[in-house]
>>> print(open('upload.cif').read())   # mmCIF, C-alpha atoms and all ligand atoms
data_input
#
loop_
_atom_site.label_atom_id
_atom_site.label_comp_id
_atom_site.auth_asym_id
_atom_site.auth_seq_id
_atom_site.Cartn_x
_atom_site.Cartn_y
_atom_site.Cartn_z
CA MET A 1 -5.29 -27.60 -0.30
CA ASN A 2 -4.20 -26.42 3.11
CA ILE A 3 -4.56 -22.63 3.20
CA HIS A 4 -1.44 -22.32 5.36
CA ALA A 5 0.68 -23.77 2.59
CA THR A 6 -0.34 -20.87 0.37
CA LEU A 7 0.70 -18.37 3.05
CA ALA A 8 4.26 -19.64 3.30
CA GLU A 9 6.82 -16.95 2.48
CA THR A 10 9.62 -18.02 0.24
CA SER A 11 11.97 -15.29 1.46
CA GLN A 12 12.25 -12.80 4.30
CA PRO A 13 9.93 -9.81 3.72
CA ARG A 14 11.94 -6.60 3.34
CA PHE A 15 10.46 -3.13 3.88
CA LEU A 16 11.70 0.42 3.39
CA MET A 17 10.80 2.77 6.25
CA CYS A 18 11.73 6.36 7.16
CA PRO A 19 11.87 7.54 10.80
CA PRO A 20 9.43 10.38 11.61
CA ARG A 21 12.06 12.85 12.86
CA HIS A 22 10.62 15.61 10.64
CA PHE A 23 7.06 14.28 10.45
CA ALA A 24 4.38 16.94 10.98
CA VAL A 25 1.17 18.21 9.46
CA THR A 26 2.23 21.53 7.94
CA TYR A 27 -0.05 21.59 4.87
CA SER A 28 -3.31 19.99 3.84
CA ILE A 29 -3.59 17.80 0.74
CA ASN A 30 -6.23 15.38 2.03
CA PRO A 31 -9.25 15.75 4.35
CA TRP A 32 -7.42 14.24 7.37
CA MET A 33 -4.72 16.94 7.45
CA ASP A 34 -5.31 19.89 9.79
CA PRO A 35 -2.10 21.92 10.26
CA GLN A 36 -3.67 24.12 12.93
CA ALA A 37 -4.73 21.16 15.08
CA TRP A 38 -1.21 19.74 14.68
CA ALA A 39 0.40 23.00 15.78
CA GLU A 40 -1.89 23.12 18.81
CA GLY A 41 -0.88 19.56 19.75
CA GLY A 42 2.72 20.65 20.30
CA ALA A 43 5.73 18.44 20.97
CA ALA A 44 3.58 15.65 22.45
CA LEU A 45 2.42 14.74 18.94
CA SER A 46 5.98 14.43 17.62
CA GLU A 47 6.95 12.30 20.60
CA ALA A 48 3.91 10.06 20.08
CA ALA A 49 4.77 9.72 16.37
CA THR A 50 8.31 8.58 17.27
CA ARG A 51 6.91 6.01 19.72
CA GLN A 52 4.24 4.71 17.35
CA TRP A 53 6.62 4.41 14.39
CA ALA A 54 9.12 2.50 16.55
CA GLY A 55 6.26 0.23 17.64
CA LEU A 56 5.39 -0.58 14.02
CA ARG A 57 9.04 -1.29 13.20
CA ARG A 58 9.36 -3.56 16.23
CA VAL A 59 6.23 -5.53 15.34
CA LEU A 60 7.39 -6.04 11.75
CA ILE A 61 10.81 -7.26 12.88
CA ALA A 62 9.12 -9.63 15.34
CA ALA A 63 7.05 -10.94 12.40
CA GLY A 64 10.32 -11.81 10.64
CA ALA A 65 10.78 -8.75 8.40
CA ALA A 66 14.00 -6.94 7.50
CA ILE A 67 13.83 -3.13 7.54
CA GLU A 68 15.81 -0.77 5.30
CA THR A 69 15.97 2.78 6.63
CA LEU A 70 15.76 6.00 4.64
CA GLU A 71 17.26 9.08 6.35
CA PRO A 72 14.51 11.66 7.00
CA GLU A 73 14.92 15.20 5.63
CA ARG A 74 13.90 18.47 7.19
CA GLY A 75 11.10 20.16 5.24
CA LEU A 76 9.71 16.85 3.92
CA PRO A 77 7.16 15.89 6.58
CA ASP A 78 5.48 13.20 4.44
CA LEU A 79 8.71 11.38 3.50
CA VAL A 80 7.82 9.00 6.31
CA PHE A 81 5.14 7.51 4.00
CA THR A 82 7.55 5.34 2.02
CA ALA A 83 4.67 3.40 0.40
CA ASN A 84 4.44 6.38 -1.94
CA ALA A 85 8.10 6.18 -3.01
CA ALA A 86 7.74 3.72 -5.90
CA VAL A 87 6.08 0.63 -7.30
CA VAL A 88 8.48 -2.28 -6.79
CA LEU A 89 8.26 -5.76 -8.31
CA HIS A 90 10.91 -8.22 -9.50
CA ARG A 91 13.71 -6.00 -8.11
CA LYS A 92 12.57 -3.16 -10.40
CA ALA A 93 11.37 0.17 -8.98
CA VAL A 94 9.17 2.65 -10.88
CA VAL A 95 9.80 5.86 -8.97
CA ALA A 96 6.75 7.92 -7.93
CA ARG A 97 5.55 11.14 -9.48
CA PHE A 98 3.46 13.17 -7.02
CA ARG A 99 0.29 15.12 -7.84
CA HIS A 100 0.81 17.89 -5.27
CA GLY A 101 3.69 20.36 -5.21
CA GLU A 102 3.91 19.81 -1.44
CA ARG A 103 5.32 16.30 -2.01
CA GLN A 104 7.23 16.71 -5.28
CA ALA A 105 10.52 17.49 -3.52
CA GLU A 106 10.42 13.92 -2.17
CA GLU A 107 10.92 12.49 -5.68
CA PRO A 108 14.72 13.04 -5.92
CA VAL A 109 15.17 11.83 -2.33
CA PHE A 110 13.38 8.57 -3.10
CA ALA A 111 15.29 8.25 -6.41
CA ALA A 112 18.61 8.58 -4.54
CA CYS A 113 17.43 6.01 -2.02
CA PHE A 114 16.65 3.49 -4.79
CA ALA A 115 20.01 4.17 -6.44
CA ALA A 116 21.64 3.32 -3.08
CA LEU A 117 19.56 0.16 -2.73
CA LYS A 118 20.64 -0.80 -6.25
CA ALA A 119 24.28 -0.20 -5.38
CA ARG A 120 23.84 -2.55 -2.42
CA GLY A 121 22.39 -5.24 -4.69
CA LEU A 122 18.84 -5.05 -3.29
CA LEU A 123 17.36 -3.79 -6.60
CA ASP A 124 18.33 -4.23 -10.25
CA GLU A 125 16.64 -1.37 -12.04
CA MET A 126 15.03 2.05 -11.58
CA LEU A 127 12.48 3.35 -14.06
CA GLN A 128 10.84 6.77 -14.56
CA LEU A 129 7.30 7.21 -15.84
CA PRO A 130 6.79 9.24 -19.03
CA ALA A 131 6.43 12.98 -18.37
CA GLY A 132 3.02 14.09 -17.20
CA ILE A 133 1.85 10.75 -15.77
CA MET A 134 1.25 10.77 -12.01
CA LEU A 135 1.62 7.66 -9.90
CA GLU A 136 2.05 7.83 -6.13
CA GLY A 137 3.90 4.54 -5.76
CA ALA A 138 2.54 1.54 -3.90
CA GLY A 139 0.09 3.83 -2.09
CA ASP A 140 -1.98 3.57 -5.28
CA CYS A 141 -0.62 0.35 -6.71
CA LEU A 142 -0.94 -2.82 -4.68
CA TRP A 143 0.60 -6.13 -5.66
CA ASP A 144 -1.75 -9.11 -5.41
CA SER A 145 0.57 -12.09 -5.02
CA ARG A 146 -2.30 -14.56 -5.28
CA ARG A 147 -3.69 -13.27 -8.56
CA ASN A 148 -0.35 -12.09 -9.94
CA LEU A 149 -1.62 -8.64 -10.80
CA PHE A 150 -1.50 -5.01 -9.69
CA TRP A 151 -4.56 -3.22 -8.36
CA MET A 152 -4.21 0.47 -9.20
CA GLY A 153 -6.23 3.27 -7.63
CA CYS A 154 -6.87 6.45 -9.59
CA GLY A 155 -8.98 9.59 -9.50
CA PHE A 156 -7.37 11.63 -6.73
CA ARG A 157 -3.58 11.21 -6.94
CA SER A 158 -2.57 8.73 -9.65
CA ASP A 159 -3.55 8.76 -13.32
CA ALA A 160 -5.34 5.84 -14.97
CA ALA A 161 -2.75 6.27 -17.77
CA ALA A 162 -0.11 4.80 -15.43
CA GLY A 163 -1.79 1.37 -15.72
CA PRO A 164 -0.64 0.49 -19.25
CA GLN A 165 2.86 1.79 -18.38
CA LEU A 166 3.10 -0.56 -15.40
CA GLN A 167 1.90 -3.41 -17.55
CA ARG A 168 4.66 -2.61 -20.03
CA TYR A 169 7.40 -2.34 -17.36
CA PHE A 170 6.43 -5.43 -15.38
CA ASP A 171 4.53 -7.59 -17.87
CA VAL A 172 1.72 -8.30 -15.41
CA PRO A 173 -1.97 -7.29 -15.61
CA THR A 174 -3.12 -4.08 -13.91
CA VAL A 175 -6.71 -3.67 -12.78
CA THR A 176 -7.66 -0.02 -12.42
CA LEU A 177 -9.96 0.94 -9.54
CA PRO A 178 -11.38 4.48 -9.69
CA LEU A 179 -11.75 6.00 -6.22
CA ALA A 180 -14.82 7.99 -5.15
CA ASP A 181 -14.33 9.30 -1.58
CA PRO A 182 -11.72 12.03 -0.89
CA SER A 183 -11.07 10.57 2.58
CA PHE A 184 -9.79 7.41 0.85
CA TYR A 185 -7.64 9.17 -1.73
CA HIS A 186 -4.98 6.44 -2.08
CA LEU A 187 -5.94 2.85 -2.86
CA ASP A 188 -4.10 1.49 0.19
CA THR A 189 -6.36 3.49 2.52
CA ALA A 190 -9.31 1.29 1.48
CA PHE A 191 -7.92 -1.94 -0.01
CA CYS A 192 -5.53 -4.71 0.97
CA ALA A 193 -4.85 -7.87 -1.06
CA LEU A 194 -3.82 -10.72 1.25
CA PRO A 195 -1.46 -13.52 0.17
CA CYS A 196 -4.24 -16.12 0.66
CA GLY A 197 -6.42 -14.40 -1.97
CA GLY A 198 -8.63 -12.60 0.54
CA VAL A 199 -9.18 -8.91 -0.17
CA ILE A 200 -10.00 -6.36 2.54
CA PHE A 201 -11.82 -3.37 1.05
CA TYR A 202 -14.17 -0.56 1.93
CA PRO A 203 -16.94 -0.53 -0.70
CA GLY A 204 -17.75 3.17 -0.09
CA ALA A 205 -14.30 4.18 -1.35
CA PHE A 206 -14.93 3.04 -4.93
CA THR A 207 -17.00 4.18 -7.88
CA LYS A 208 -19.57 1.80 -9.33
CA ASP A 209 -17.02 0.69 -11.94
CA GLY A 210 -14.34 0.20 -9.28
CA LEU A 211 -16.60 -1.96 -7.18
CA ALA A 212 -17.66 -3.96 -10.24
CA ALA A 213 -13.99 -4.67 -11.01
CA ILE A 214 -13.37 -5.90 -7.45
CA HIS A 215 -16.42 -8.17 -7.67
CA ARG A 216 -15.28 -9.45 -11.05
CA TYR A 217 -11.87 -10.62 -9.86
CA VAL A 218 -12.54 -11.46 -6.22
CA GLY A 219 -15.06 -14.24 -5.49
CA PRO A 220 -17.61 -13.75 -2.67
CA ALA A 221 -15.71 -16.02 -0.25
CA ASP A 222 -12.59 -13.87 -0.62
CA ARG A 223 -14.31 -10.50 -0.11
CA ILE A 224 -13.71 -8.97 3.32
CA ALA A 225 -15.84 -5.82 3.12
CA LEU A 226 -15.30 -3.22 5.84
CA ASN A 227 -17.97 -1.09 7.44
CA ARG A 228 -17.41 2.66 7.77
CA ALA A 229 -16.14 2.33 11.37
CA ASP A 230 -13.28 -0.04 10.42
CA ALA A 231 -12.61 1.96 7.24
CA THR A 232 -12.23 5.24 9.12
CA ARG A 233 -9.64 3.77 11.48
CA PHE A 234 -7.73 2.68 8.38
CA ALA A 235 -8.08 -1.04 9.12
CA ALA A 236 -7.57 -1.67 5.37
CA ASN A 237 -4.18 0.06 5.59
CA ALA A 238 -2.63 -3.16 6.83
CA VAL A 239 0.84 -4.64 6.27
CA CYS A 240 1.26 -8.33 5.81
CA ALA A 241 4.51 -10.08 6.78
CA GLY A 242 4.26 -13.85 6.47
CA ARG A 243 1.18 -14.89 8.42
CA THR A 244 1.11 -11.69 10.48
CA ILE A 245 -1.18 -8.79 9.60
CA VAL A 246 -0.18 -5.51 11.23
CA LEU A 247 -2.64 -2.61 11.49
CA SER A 248 -3.40 0.33 13.76
CA SER A 249 -6.70 -1.01 15.11
CA CYS A 250 -9.73 -3.01 13.99
CA SER A 251 -13.06 -4.41 15.17
CA LEU A 252 -13.32 -7.81 16.78
CA ALA A 253 -15.33 -8.95 13.74
CA LEU A 254 -12.47 -8.11 11.36
CA ARG A 255 -9.88 -9.65 13.68
CA CYS A 256 -11.91 -12.89 13.76
CA ALA A 257 -12.40 -12.93 9.98
CA LEU A 258 -8.62 -12.64 9.50
CA GLU A 259 -7.81 -15.19 12.20
CA ARG A 260 -10.20 -17.67 10.54
CA ARG A 261 -8.02 -17.32 7.44
CA GLY A 262 -4.96 -18.36 9.42
CA TYR A 263 -3.43 -14.95 10.22
CA THR A 264 -2.15 -13.49 13.45
CA VAL A 265 -3.50 -9.94 13.76
CA VAL A 266 -1.29 -7.42 15.55
CA GLU A 267 -2.72 -4.01 16.44
CA THR A 268 -0.13 -1.29 17.02
CA PRO A 269 -1.49 2.27 17.47
CA LEU A 270 -0.69 4.64 14.60
CA ASP A 271 -3.38 7.28 15.10
CA ILE A 272 -0.82 10.12 15.05
CA PHE A 273 -0.05 9.28 11.41
CA GLN A 274 -3.73 9.24 10.56
CA ARG A 275 -3.67 12.99 11.24
CA SER A 276 -1.77 13.09 7.96
CA GLY A 277 -4.01 10.51 6.25
CA GLY A 278 -1.73 7.51 6.72
CA SER A 279 -1.29 4.35 8.77
CA ALA A 280 0.64 1.04 8.81
CA CYS A 281 0.81 0.23 5.10
CA CYS A 282 1.61 3.85 4.14
CA LEU A 283 4.65 3.80 6.45
CA THR A 284 6.23 0.83 4.65
CA LEU A 285 7.30 -0.14 1.14
CA ARG A 286 7.76 -3.82 0.37
CA LEU A 287 10.98 -4.26 -1.62
CA ASP A 288 10.88 -7.98 -2.42
CA HIS A 289 7.56 -8.60 -4.19
CA ALA A 290 7.80 -11.12 -7.00
CA SER A 291 5.22 -13.00 -9.04
CA THR A 292 4.75 -16.68 -8.44
CA THR A 293 3.86 -19.22 -11.07
CA THR A 294 3.70 -22.38 -9.05
CA SER A 295 1.28 -21.78 -6.14
CA LEU A 296 -2.18 -23.24 -6.41
CA ASP A 297 -5.36 -21.57 -5.31
CA THR A 298 -7.83 -23.43 -3.10
CA THR A 299 -9.91 -24.50 -6.10
CA GLY A 300 -6.83 -25.99 -7.75
CA GLY A 301 -6.41 -23.42 -10.55
CA SER A 302 -2.93 -22.05 -11.07
CA ILE A 303 -2.21 -18.36 -10.66
CA SER A 304 -0.69 -18.05 -14.10
CA ARG A 305 -3.90 -19.45 -15.60
CA LEU A 306 -5.90 -16.98 -13.53
CA ALA A 307 -3.71 -14.08 -14.65
CA SER A 308 -4.08 -15.03 -18.30
CA LYS A 309 -7.85 -15.25 -17.89
CA ILE A 310 -7.80 -11.71 -16.53
CA GLY A 311 -5.90 -10.65 -19.64
CA PRO A 312 -4.49 -7.21 -20.37
CA ALA A 313 -4.90 -4.07 -18.29
CA THR A 314 -8.45 -3.23 -17.43
CA SER A 315 -8.92 0.51 -17.61
CA PHE A 316 -11.92 2.43 -16.45
CA SER A 317 -11.53 6.01 -17.51
CA ARG A 318 -14.20 7.58 -15.31
CA ARG A 319 -12.65 10.05 -12.91
CA SER A 320 -14.40 11.22 -9.85
CA GLY A 321 -13.71 13.36 -6.83
N1 LIG A 401 -0.05 13.17 3.92
C1 LIG A 401 0.22 12.18 2.95
C2 LIG A 401 -0.44 12.55 1.64
O1 LIG A 401 -1.54 13.03 1.66
C3 LIG A 401 -0.22 10.83 3.41
C4 LIG A 401 0.18 9.72 2.50
C5 LIG A 401 -0.31 8.38 2.95
N2 LIG A 401 0.23 7.37 2.15
C6 LIG A 401 -0.45 6.34 1.62
N3 LIG A 401 0.22 5.42 1.01
N4 LIG A 401 -1.75 6.30 1.66
O2 LIG A 401 0.10 12.38 0.59
#
>>> encode(input="upload.cif", output="structure tokens")
Amino acid sequence: MNIHATLAETSQPRFLMCPPRHFAVTYSINPWMDPQAWAEGGAALSEAATRQWAGLRRVLIAAGAAIETLEPERGLPDLVFTANAAVVLHRKAVVARFRHGERQAEEPVFAACFAALKARGLLDEMLQLPAGIMLEGAGDCLWDSRRNLFWMGCGFRSDAAAGPQLQRYFDVPTVTLPLADPSFYHLDTAFCALPCGGVIFYPGAFTKDGLAAIHRYVGPADRIALNRADATRFAANAVCAGRTIVLSSCSLALRCALERRGYTVVETPLDIFQRSGGSACCLTLRLDHASTTTSLDTTGGSISRLASKIGPATSFSRRSG
């Protein structure tokens, strides 16, 4: 079947974003964050962040997306990373629970934001995880629209125990991917599931079990493995809107691999946000993900058959890092 047919969006992609008015690096909870270097950079860094964020928003709108805006709050410099706000599927949002005290004050702000989206008819339901289970939203839980499953990263921020909960809330399989490299502490820093079935990933970010799980569910032709150079410019932290893939920067080789799959690749610089350990995908939260039951994969198998072959949540308990 024509690969382009499988890329067709059924509805306008809708993202939640938060302007970087109070964005800064004032603490360090991942290896990219250096508060002293940020302070030395002065106002120029804040101005660049404003410009780069506006650039990302513009590119997404040009790709056909609708943007919902969350008001920034003083004292919450990482609120700009809305990917971490929740896991959203079928108009249901499971609100994040953060590992580090530095980000926990964002939880009520995101909860209020989802309540407002619900009041406006953009969501139906908000759910809270059981006490003690950490899950940093879509930063660690990526929807794979081709395989009808969630990929969930764990080991640094989110708990493997969140997997069965998500399966219960959403009734879709969750494949758990233990992370191994502290520089790739959220799944979305090293993994991106494309609507055509292709998966961009950085092998060095995963434990042996994590890599085995990727190889189990993603056939060789769909594996787009990054080298360290592309991984460290967060090329996997890409946002997909229709046939457009938006990222901060990538090699010519990656651009060509994506173009061969029928995508338009748009590079928009976001290096200022990488000083906090984030990039394009981290700055957005897709609000309209839904499972599909009718699309066919290129070998003619239906997604629902594929999902049932995958079966219940796969959990690897090994924790590293
Ligand atoms: N400074 C933030 C943190 O360490 C960056 C979050 C990036 N978000 C993401 N989805 N990877 O929590």
>>> axis_aligned_box(input="upload.cif", around="stretch 184-194 of chain A", padding_each_side="5 Å", output="JSON")
{"center_x": -6.8, "center_y": -0.8, "center_z": -0.2, "size_x": 16.0, "size_y": 29.9, "size_z": 15.4}
>>> closest_residue(input="upload.cif", among="A:Leu258, A:Leu149, A:Gln274, A:Ser251", to="A:Trp38", atoms="all atoms listed in the file")
A:Gln274
>>> residues_near_ligand(input="upload.cif", ligand="ligand LIG 401 (chain A)", cutoff="10 Å", atoms="only C-alpha atoms and all ligand atoms", output="PyMOL selection string")
chain A and resi 23-33+77-85+98-100+102-103+136-141+157+183-190+234+237+273-285
>>> write_last_selection(input="upload.cif", atoms="C-alpha atoms", output="mmCIF file, keeping the file's coordinate frame")
data_model
loop_
_atom_site.group_PDB
_atom_site.id
_atom_site.type_symbol
_atom_site.label_atom_id
_atom_site.label_comp_id
_atom_site.auth_asym_id
_atom_site.auth_seq_id
_atom_site.Cartn_x
_atom_site.Cartn_y
_atom_site.Cartn_z
ATOM 1 C CA PHE A 23 7.060 14.280 10.450
ATOM 2 C CA ALA A 24 4.380 16.940 10.980
ATOM 3 C CA VAL A 25 1.170 18.210 9.460
ATOM 4 C CA THR A 26 2.230 21.530 7.940
ATOM 5 C CA TYR A 27 -0.050 21.590 4.870
ATOM 6 C CA SER A 28 -3.310 19.990 3.840
ATOM 7 C CA ILE A 29 -3.590 17.800 0.740
ATOM 8 C CA ASN A 30 -6.230 15.380 2.030
ATOM 9 C CA PRO A 31 -9.250 15.750 4.350
ATOM 10 C CA TRP A 32 -7.420 14.240 7.370
ATOM 11 C CA MET A 33 -4.720 16.940 7.450
ATOM 12 C CA PRO A 77 7.160 15.890 6.580
ATOM 13 C CA ASP A 78 5.480 13.200 4.440
ATOM 14 C CA LEU A 79 8.710 11.380 3.500
ATOM 15 C CA VAL A 80 7.820 9.000 6.310
ATOM 16 C CA PHE A 81 5.140 7.510 4.000
ATOM 17 C CA THR A 82 7.550 5.340 2.020
ATOM 18 C CA ALA A 83 4.670 3.400 0.400
ATOM 19 C CA ASN A 84 4.440 6.380 -1.940
ATOM 20 C CA ALA A 85 8.100 6.180 -3.010
ATOM 21 C CA PHE A 98 3.460 13.170 -7.020
ATOM 22 C CA ARG A 99 0.290 15.120 -7.840
ATOM 23 C CA HIS A 100 0.810 17.890 -5.270
ATOM 24 C CA GLU A 102 3.910 19.810 -1.440
ATOM 25 C CA ARG A 103 5.320 16.300 -2.010
ATOM 26 C CA GLU A 136 2.050 7.830 -6.130
ATOM 27 C CA GLY A 137 3.900 4.540 -5.760
ATOM 28 C CA ALA A 138 2.540 1.540 -3.900
ATOM 29 C CA GLY A 139 0.090 3.830 -2.090
ATOM 30 C CA ASP A 140 -1.980 3.570 -5.280
ATOM 31 C CA CYS A 141 -0.620 0.350 -6.710
ATOM 32 C CA ARG A 157 -3.580 11.210 -6.940
ATOM 33 C CA SER A 183 -11.070 10.570 2.580
ATOM 34 C CA PHE A 184 -9.790 7.410 0.850
ATOM 35 C CA TYR A 185 -7.640 9.170 -1.730
ATOM 36 C CA HIS A 186 -4.980 6.440 -2.080
ATOM 37 C CA LEU A 187 -5.940 2.850 -2.860
ATOM 38 C CA ASP A 188 -4.100 1.490 0.190
ATOM 39 C CA THR A 189 -6.360 3.490 2.520
ATOM 40 C CA ALA A 190 -9.310 1.290 1.480
ATOM 41 C CA PHE A 234 -7.730 2.680 8.380
ATOM 42 C CA ASN A 237 -4.180 0.060 5.590
ATOM 43 C CA PHE A 273 -0.050 9.280 11.410
ATOM 44 C CA GLN A 274 -3.730 9.240 10.560
ATOM 45 C CA ARG A 275 -3.670 12.990 11.240
ATOM 46 C CA SER A 276 -1.770 13.090 7.960
ATOM 47 C CA GLY A 277 -4.010 10.510 6.250
ATOM 48 C CA GLY A 278 -1.730 7.510 6.720
ATOM 49 C CA SER A 279 -1.290 4.350 8.770
ATOM 50 C CA ALA A 280 0.640 1.040 8.810
ATOM 51 C CA CYS A 281 0.810 0.230 5.100
ATOM 52 C CA CYS A 282 1.610 3.850 4.140
ATOM 53 C CA LEU A 283 4.650 3.800 6.450
ATOM 54 C CA THR A 284 6.230 0.830 4.650
ATOM 55 C CA LEU A 285 7.300 -0.140 1.140
#
>>> residues_around(input="upload.cif", residues="A:Phe206", least_positions_apart="3", cutoff="10 Å", atoms="all atoms listed in the file", output="list in words")
Gly153, Cys154, Gly155, Leu177, Pro178, Leu179, Ala180, Asp181, Phe184, Leu187, Ala190, Phe191, Phe201, Tyr202, Pro203, Asp209, Gly210, Leu211, Ala212, Ala213, Ile214 and Ser320 of chain A
>>> atom_distance(input="upload.cif", atom1="atom CA of A:Cys113", atom2="atom CA of A:Glu73")
12.2 Å
>>> residues_around(input="upload.cif", residues="A:Asp171", least_positions_apart="4", cutoff="10 Å", atoms="only C-alpha atoms", output="compact mmCIF listing (two decimals) with C-alpha atoms, in the coordinates of the input")
# COMPACT_ATOMS: atom_id res chain seq x y z
CA LEU A 149 -1.62 -8.64 -10.80
CA PRO A 164 -0.64 0.49 -19.25
CA GLN A 165 2.86 1.79 -18.38
CA LEU A 166 3.10 -0.56 -15.40
CA GLN A 167 1.90 -3.41 -17.55
CA PRO A 312 -4.49 -7.21 -20.37
>>> closest_residue(input="upload.cif", among="A:Phe15, A:Phe110, A:Trp143, A:Tyr169", to="A:Gly197", atoms="all atoms listed in the file")
A:Trp143
>>> residues_near_point(input="upload.cif", point="(-10.4, -2.0, 12.0)", cutoff="6 Å", atoms="all atoms listed in the file", output="VMD selection string")
chain A and resid 230 233 235 249 to 251
>>> atom_distance(input="upload.cif", atom1="atom CA of A:Thr264", atom2="atom CA of A:Thr244")
4.8 Å
>>> atom_distance(input="upload.cif", atom1="atom CA of A:Leu129", atom2="atom CA of A:Ala161")
10.3 Å
>>> closest_residue(input="upload.cif", among="A:Leu89, A:Ala193, A:Ala116, A:Ala225", to="A:Thr292", atoms="all atoms listed in the file")
A:Leu89
>>> residues_near_point(input="upload.cif", point="(11.9, -11.4, 0.2)", cutoff="9 Å", atoms="only C-alpha atoms", output="MDAnalysis selection string")
chainID A and resid 9:14 65:66 286:290
